[in-house]
Amino acid sequence: MSEPLTLAIPSKGRLKEQVDAHFAAAGVALKQTAGARGYRATVEGLSGIDVMLLSSSEIASALVGGDVHLGVTGEDLIRENAPELDGRVALVKPLGFGFADVVVAVPRSWIDVSTMADLDDACAAFAQRHRRRLRVATKYTQLTRRFFAHAGISDYRIVGSAGATEGAPTAGTAEAIVDITTTGSTLKANGLKILEDGVILKSQAQLAMSLTADWTETMRASAAAFLKRLGAALPN
Amino acid sequence: MPAFPTYGPEDIAALDEQAAAMLAVFAARGYTRHEPAMLQPAQIFVDRSGEEIRRRTFELNDPSGRELCLRPDLTIPTCKWQVESGAPYPARLCYHGLAFRHRSGDGPTQFYQAGAELLGVDDRAAGDVEMMTVAVGALRAAGLRNFEVKIGDLALFATLVDALDVPAQWRGRLKRHFWRSGYFETLLTRMVVGAASDAERAIDALHGLKPAELRPAIEALLDKEGDAPLGLRTREEIIERLTIQASDGAAPKLDAKVAETIKSVLDVSGPAPAALEQIRILTKSVAASMAKPLAAMEARLAALADLGVDPKSVRFVAHFGRNLEYYTGFVFEFWSRDESGPVEIAGGGRYDTLLESLGAPRGTTAIGCAIRSERLLAAARRGK
């Protein structure tokens, strides 16, 4: 009996509901096993697929690390784990929900800063005056480094943020942030504004394929059948 | 070399012998050896080298959660020791030890560095000459016969930018990015077109105000934002920056001829004597300001000639900045060649602001050099 391929989907929250609905509409409804609280499932009508329910960030690192074959999670999390995708992950299908932007945001009171070039100037002046680097709070270390490097900014440092990143400037733990936002209202409520050219990534939920996982011919066939129902195809 | 190298008995003997030779050169010039800890607080590097170095630094936490790292260089911890020990200036410090850096792809995660730091010698010209002498002496003592020297000077370009007619708010940007080929050209073009003035409509509100009216107007704009956070950035910094921008006028542009001068100077690259002459010609319009930095460069070439290095074999590269680290002035590199092409053996330069950032008195000068021991050994073995 050949091994099934693994498909990881978010274990809770709005994203899980949206994934369930999207798959059901495509005729590949997921059926949770081992009770409603279980973290395993199967795909109705398709064999050879072992569905696992994990957190969105676990899914992203599992895809990059080759621990699951297919997964649904935010593109922001996938790219944070593998910025250029690096031949490690392929984005198979954008799912049309879970829209959010990863953005650079600074205090509204910085009326002299509205672009990355302004931020570059401000960082340099800050480093000279305070003899330390301006702090950017974020959980998106990789995305931030790349974006700032591309904008020519090197005079800053990243301070890790597990949650409530938008509160960091008020709390005094950072001067600026890189965070994910949907409506922008939380940023506004925290006295922050998005830089004009500060959108790092326009993200949405993606069905992605791990290129580093062990794929057999049988698995590829199962995946192809599954993807066909969703109107997608296995890349290459 | 593999990522996690094991040094065999012959390599160890050869590296030890080479290290002894280099350290003897340093000692003869009055440098005392100090060996900083391999495990260091991550903070001291992060605050001074930015994310580019941090990306390559091996970070770890101790059991109490403190952020540490394996030292990616020895200059910063050595300078930190100097400041914290309260030892007098001028100080001549040298080291030979392991440094740790992550490299994407294959490549060793650790390498030996021999280096020297000359701290607190106010006569910069003398300091430059001494460091050149020490560096060349160490390389030769290790058996390196042929090497190519590449030189530059961040202060030379900075002087040019200050001397030319450039809108004040853009001087900093030009000085910071001159070594970023591609990005810099785009920047220049946007400045000529006038598209680089990015400040918000705040500037429109300040347009045409008299100097005395400027500050209250800016304060009023700031007050409109209520109690939005500032982070550690102060109101003064914002006011200062807006004042500079306001003084440049509503739609500043970089004069196309000035842009041309800047571009042509940065394109200069080649045998040093001719390169400096070319810069002299290109910057005729601001000859008075450029005289000093150009003379300083000539003096360094003369020092190299005294050391038996033909100035015509020295490559002067105007856009050579080494800005990823902490250099502020004269920068240099020593190169060799192997089958796959050029190999950087040693590099260094002047970093006059580093010590102050570590707590030394303002204006404490610093110039140093770091030599990659494994690469030097390979080059010397190649008989080059």
# chains A, B, ... in the order shown; residues from 1 in each chain; ligands from 1

$ select_by_dssp --residues "stretch 30-171 of chain A" --states "alpha helix (DSSP H)" --output "PyMOL selection string"
chain A and resi 56-65+75-81+116-130+141-150+168-171

$ residues_around --residues "stretch 262-265 of chain B" --least-positions-apart "2" --cutoff "7 Å" --atoms "only C-alpha atoms" --output "MDAnalysis selection string"
chainID B and resid 258:260 267:268 279 282 318

$ interface_residues --of "chain A" --to "chain B" --cutoff "8 Å" --atoms "only C-alpha atoms" --output "ChimeraX atom specification"
/A:107-115,117-118,120-121,125-126,131-133,145,152,154-158,169-170,172-176,190-192

$ write_last_selection --atoms "N, CA, C and O atoms" --output "tab-separated table (two decimals), in the first residue's frame"
chain	number	residue	atom	x	y	z
A	107	PRO	N	5.16	56.01	12.49
A	107	PRO	CA	4.24	56.90	13.21
A	107	PRO	C	3.70	58.02	12.32
A	107	PRO	O	4.43	58.58	11.50
A	108	ARG	N	2.43	58.31	12.49
A	108	ARG	CA	1.80	59.40	11.77
A	108	ARG	C	2.48	60.73	12.07
A	108	ARG	O	2.46	61.63	11.26
A	109	SER	N	3.06	60.81	13.24
A	109	SER	CA	3.71	62.06	13.65
A	109	SER	C	5.00	62.30	12.87
A	109	SER	O	5.56	63.40	12.91
A	110	TRP	N	5.46	61.33	12.13
A	110	TRP	CA	6.63	61.55	11.28
A	110	TRP	C	6.16	62.20	9.98
A	110	TRP	O	6.11	61.58	8.91
A	111	ILE	N	5.80	63.48	10.09
A	111	ILE	CA	5.21	64.14	8.93
A	111	ILE	C	6.25	64.37	7.83
A	111	ILE	O	5.91	64.76	6.72
A	112	ASP	N	7.52	64.13	8.14
A	112	ASP	CA	8.56	64.32	7.13
A	112	ASP	C	8.91	63.02	6.41
A	112	ASP	O	9.80	62.99	5.57
A	113	VAL	N	8.23	61.96	6.76
A	113	VAL	CA	8.56	60.66	6.16
A	113	VAL	C	7.32	60.08	5.50
A	113	VAL	O	6.33	59.76	6.18
A	114	SER	N	7.36	59.93	4.18
A	114	SER	CA	6.22	59.28	3.53
A	114	SER	C	6.65	58.21	2.52
A	114	SER	O	5.81	57.50	1.99
A	115	THR	N	7.95	58.08	2.28
A	115	THR	CA	8.42	57.03	1.37
A	115	THR	C	9.62	56.32	1.98
A	115	THR	O	10.18	56.76	2.99
A	117	ALA	N	12.53	56.21	0.73
A	117	ALA	CA	13.69	57.11	0.61
A	117	ALA	C	13.73	58.08	1.80
A	117	ALA	O	14.79	58.37	2.34
A	118	ASP	N	12.55	58.57	2.21
A	118	ASP	CA	12.49	59.42	3.41
A	118	ASP	C	12.94	58.63	4.63
A	118	ASP	O	13.66	59.14	5.49
A	120	ASP	N	14.95	56.14	4.70
A	120	ASP	CA	16.39	56.01	4.58
A	120	ASP	C	17.10	57.22	5.20
A	120	ASP	O	18.00	57.08	6.02
A	121	ASP	N	16.65	58.41	4.83
A	121	ASP	CA	17.22	59.64	5.39
A	121	ASP	C	17.04	59.67	6.91
A	121	ASP	O	17.96	60.00	7.66
A	125	ALA	N	19.97	59.80	9.86
A	125	ALA	CA	20.03	60.89	10.82
A	125	ALA	C	19.84	60.38	12.24
A	125	ALA	O	20.49	60.83	13.17
A	126	PHE	N	18.95	59.43	12.40
A	126	PHE	CA	18.67	58.84	13.72
A	126	PHE	C	19.93	58.18	14.27
A	126	PHE	O	20.29	58.36	15.44
A	131	ARG	N	23.21	57.47	18.18
A	131	ARG	CA	24.29	56.49	18.27
A	131	ARG	C	23.77	55.06	18.42
A	131	ARG	O	24.41	54.23	19.00
A	132	ARG	N	22.60	54.84	17.89
A	132	ARG	CA	22.08	53.48	17.81
A	132	ARG	C	21.16	53.45	16.61
A	132	ARG	O	20.75	54.49	16.10
A	133	ARG	N	20.84	52.26	16.18
A	133	ARG	CA	20.04	52.17	14.96
A	133	ARG	C	18.56	52.22	15.25
A	133	ARG	O	18.10	51.75	16.28
A	145	ARG	N	14.24	42.35	5.65
A	145	ARG	CA	15.63	42.53	5.24
A	145	ARG	C	15.73	42.74	3.74
A	145	ARG	O	16.47	43.61	3.28
A	152	GLY	N	17.81	50.23	-0.28
A	152	GLY	CA	19.09	50.83	0.04
A	152	GLY	C	19.25	51.22	1.50
A	152	GLY	O	20.15	51.97	1.85
A	154	SER	N	20.32	50.47	5.20
A	154	SER	CA	21.05	49.51	6.02
A	154	SER	C	21.17	49.98	7.47
A	154	SER	O	21.51	49.22	8.36
A	155	ASP	N	20.85	51.26	7.70
A	155	ASP	CA	20.98	51.84	9.05
A	155	ASP	C	19.78	51.56	9.95
A	155	ASP	O	19.14	52.49	10.42
A	156	TYR	N	19.45	50.30	10.18
A	156	TYR	CA	18.31	49.98	11.02
A	156	TYR	C	18.58	48.63	11.66
A	156	TYR	O	19.53	47.94	11.29
A	157	ARG	N	17.76	48.27	12.65
A	157	ARG	CA	17.83	46.88	13.10
A	157	ARG	C	16.44	46.35	13.40
A	157	ARG	O	15.53	47.11	13.72
A	158	ILE	N	16.33	45.05	13.28
A	158	ILE	CA	15.04	44.40	13.46
A	158	ILE	C	14.90	43.94	14.91
A	158	ILE	O	15.83	43.35	15.46
A	169	PRO	N	5.65	50.94	18.62
A	169	PRO	CA	6.09	52.34	18.76
A	169	PRO	C	5.50	53.03	20.00
A	169	PRO	O	6.19	53.77	20.68
A	170	THR	N	4.21	52.77	20.27
A	170	THR	CA	3.60	53.37	21.46
A	170	THR	C	4.26	52.84	22.72
A	170	THR	O	4.50	53.57	23.67
A	172	GLY	N	7.19	51.94	22.95
A	172	GLY	CA	8.59	52.39	22.99
A	172	GLY	C	9.60	51.30	22.71
A	172	GLY	O	10.79	51.46	22.99
A	173	THR	N	9.13	50.18	22.13
A	173	THR	CA	10.08	49.11	21.86
A	173	THR	C	10.60	49.14	20.42
A	173	THR	O	11.46	48.35	20.05
A	174	ALA	N	10.04	50.03	19.62
A	174	ALA	CA	10.53	50.19	18.24
A	174	ALA	C	10.09	51.55	17.72
A	174	ALA	O	9.21	52.18	18.30
A	175	GLU	N	10.73	52.00	16.63
A	175	GLU	CA	10.33	53.28	16.03
A	175	GLU	C	9.36	53.04	14.87
A	175	GLU	O	8.49	53.86	14.61
A	176	ALA	N	9.54	51.94	14.16
A	176	ALA	CA	8.70	51.65	12.99
A	176	ALA	C	8.38	50.17	12.99
A	176	ALA	O	8.93	49.41	13.80
A	190	ASN	N	-3.38	52.82	16.12
A	190	ASN	CA	-2.14	52.88	16.88
A	190	ASN	C	-1.25	54.04	16.46
A	190	ASN	O	-0.07	54.08	16.78
A	191	GLY	N	-1.82	54.97	15.72
A	191	GLY	CA	-1.08	56.17	15.36
A	191	GLY	C	-0.04	55.96	14.28
A	191	GLY	O	0.95	56.69	14.20
A	192	LEU	N	-0.26	54.93	13.42
A	192	LEU	CA	0.73	54.63	12.38
A	192	LEU	C	0.17	54.89	10.99
A	192	LEU	O	-1.04	54.91	10.80

$ closest_residue --among "B:Gly30, B:Pro293, B:Pro9, B:Gly208" --to "B:Leu276" --atoms "only C-alpha atoms"
B:Pro293

$ closest_residue --among "B:Asp73, B:Asp11, B:Glu219, B:Asp248" --to "B:Gln40" --atoms "only C-alpha atoms"
B:Asp73

$ residues_around --residues "B:Leu304" --least-positions-apart "3" --cutoff "9 Å" --atoms "only C-alpha atoms" --output "number ranges by chain"
B: 129, 132-133, 136, 299-301, 307-311, 314

$ residues_around --residues "B:Ala163" --least-positions-apart "3" --cutoff "8 Å" --atoms "only C-alpha atoms" --output "ChimeraX atom specification"
/B:159-160,286,289

$ residues_around --residues "B:Met38" --least-positions-apart "6" --cutoff "8 Å" --atoms "only C-alpha atoms" --output "PyMOL selection string"
chain B and resi 70-71+98-99

$ residues_around --residues "B:Thr109" --least-positions-apart "5" --cutoff "9 Å" --atoms "only C-alpha atoms" --output "ChimeraX atom specification"
/B:2-5,99-103

$ write_last_selection --atoms "C-alpha atoms" --output "PDB file, in the first residue's frame"
ATOM      1  CA  PRO B   2      33.916  22.775   3.611  1.00  0.00           C
ATOM      2  CA  ALA B   3      31.389  24.572   5.796  1.00  0.00           C
ATOM      3  CA  PHE B   4      32.730  23.049   9.018  1.00  0.00           C
ATOM      4  CA  PRO B   5      36.419  22.648   8.310  1.00  0.00           C
ATOM      5  CA  ALA B  99      35.766  34.943  13.064  1.00  0.00           C
ATOM      6  CA  PHE B 100      32.423  33.366  12.196  1.00  0.00           C
ATOM      7  CA  ARG B 101      30.190  34.262   9.280  1.00  0.00           C
ATOM      8  CA  HIS B 102      27.356  32.514   7.512  1.00  0.00           C
ATOM      9  CA  ARG B 103      27.713  32.203   3.779  1.00  0.00           C
TER      10      ARG B 103
END

$ decode --residues "stretch 58-88 of chain A" --atoms "N, CA and C atoms" --output "tab-separated table (two decimals), in the first residue's frame"
chain	number	residue	atom	x	y	z
A	58	GLU	N	3.05	26.90	10.85
A	58	GLU	CA	3.62	25.56	10.78
A	58	GLU	C	3.54	25.03	9.35
A	59	ILE	N	2.42	25.33	8.68
A	59	ILE	CA	2.24	24.88	7.31
A	59	ILE	C	3.31	25.47	6.41
A	60	ALA	N	3.56	26.77	6.58
A	60	ALA	CA	4.57	27.43	5.75
A	60	ALA	C	5.94	26.79	5.93
A	61	SER	N	6.35	26.57	7.15
A	61	SER	CA	7.69	26.00	7.34
A	61	SER	C	7.71	24.53	6.94
A	62	ALA	N	6.58	23.82	7.09
A	62	ALA	CA	6.53	22.42	6.66
A	62	ALA	C	6.67	22.29	5.15
A	63	LEU	N	6.06	23.23	4.42
A	63	LEU	CA	6.17	23.22	2.96
A	63	LEU	C	7.61	23.45	2.53
A	64	VAL	N	8.23	24.44	3.14
A	64	VAL	CA	9.61	24.78	2.78
A	64	VAL	C	10.56	23.67	3.20
A	65	GLY	N	10.27	23.06	4.33
A	65	GLY	CA	11.14	22.03	4.84
A	65	GLY	C	10.89	20.66	4.23
A	66	GLY	N	9.84	20.51	3.45
A	66	GLY	CA	9.56	19.24	2.81
A	66	GLY	C	8.83	18.25	3.71
A	67	ASP	N	8.21	18.76	4.77
A	67	ASP	CA	7.50	17.86	5.68
A	67	ASP	C	6.07	17.59	5.27
A	68	VAL	N	5.53	18.39	4.38
A	68	VAL	CA	4.22	18.10	3.79
A	68	VAL	C	4.34	18.31	2.29
A	69	HIS	N	3.44	17.68	1.53
A	69	HIS	CA	3.52	17.81	0.08
A	69	HIS	C	2.78	19.03	-0.44
A	70	LEU	N	1.58	19.20	0.07
A	70	LEU	CA	0.74	20.33	-0.35
A	70	LEU	C	0.27	21.06	0.90
A	71	GLY	N	-0.05	22.32	0.75
A	71	GLY	CA	-0.55	23.04	1.91
A	71	GLY	C	-1.26	24.31	1.51
A	72	VAL	N	-2.14	24.77	2.38
A	72	VAL	CA	-2.81	26.05	2.18
A	72	VAL	C	-2.41	26.96	3.33
A	73	THR	N	-1.84	28.10	2.98
A	73	THR	CA	-1.49	29.07	4.01
A	73	THR	C	-1.26	30.41	3.35
A	74	GLY	N	-1.00	31.42	4.14
A	74	GLY	CA	-0.79	32.74	3.58
A	74	GLY	C	0.54	32.84	2.82
A	75	GLU	N	0.50	33.55	1.69
A	75	GLU	CA	1.72	33.74	0.91
A	75	GLU	C	2.77	34.48	1.73
A	76	ASP	N	2.32	35.34	2.65
A	76	ASP	CA	3.26	36.09	3.49
A	76	ASP	C	4.13	35.13	4.31
A	77	LEU	N	3.49	34.10	4.84
A	77	LEU	CA	4.23	33.16	5.68
A	77	LEU	C	5.15	32.28	4.84
A	78	ILE	N	4.68	31.91	3.65
A	78	ILE	CA	5.53	31.10	2.77
A	78	ILE	C	6.78	31.89	2.38
A	79	ARG	N	6.59	33.11	1.94
A	79	ARG	CA	7.73	33.91	1.49
A	79	ARG	C	8.64	34.33	2.64
A	80	GLU	N	8.10	34.42	3.83
A	80	GLU	CA	8.96	34.73	4.97
A	80	GLU	C	9.92	33.56	5.21
A	81	ASN	N	9.42	32.35	4.94
A	81	ASN	CA	10.28	31.18	5.12
A	81	ASN	C	11.23	30.96	3.95
A	82	ALA	N	10.84	31.41	2.78
A	82	ALA	CA	11.67	31.21	1.59
A	82	ALA	C	11.39	32.36	0.63
A	83	PRO	N	12.06	33.49	0.83
A	83	PRO	CA	11.73	34.72	0.10
A	83	PRO	C	11.60	34.60	-1.40
A	84	GLU	N	12.54	33.94	-2.08
A	84	GLU	CA	12.42	33.79	-3.52
A	84	GLU	C	11.76	32.48	-3.87
A	85	LEU	N	11.25	31.82	-2.88
A	85	LEU	CA	10.71	30.47	-3.04
A	85	LEU	C	11.81	29.48	-3.38
A	86	ASP	N	12.93	30.01	-3.97
A	86	ASP	CA	14.19	29.25	-3.92
A	86	ASP	C	14.12	27.86	-4.48
A	87	GLY	N	13.15	27.56	-5.31
A	87	GLY	CA	13.06	26.18	-5.78
A	87	GLY	C	12.61	25.23	-4.68
A	88	ARG	N	12.11	25.77	-3.58
A	88	ARG	CA	11.67	24.90	-2.50
A	88	ARG	C	10.16	24.77	-2.40
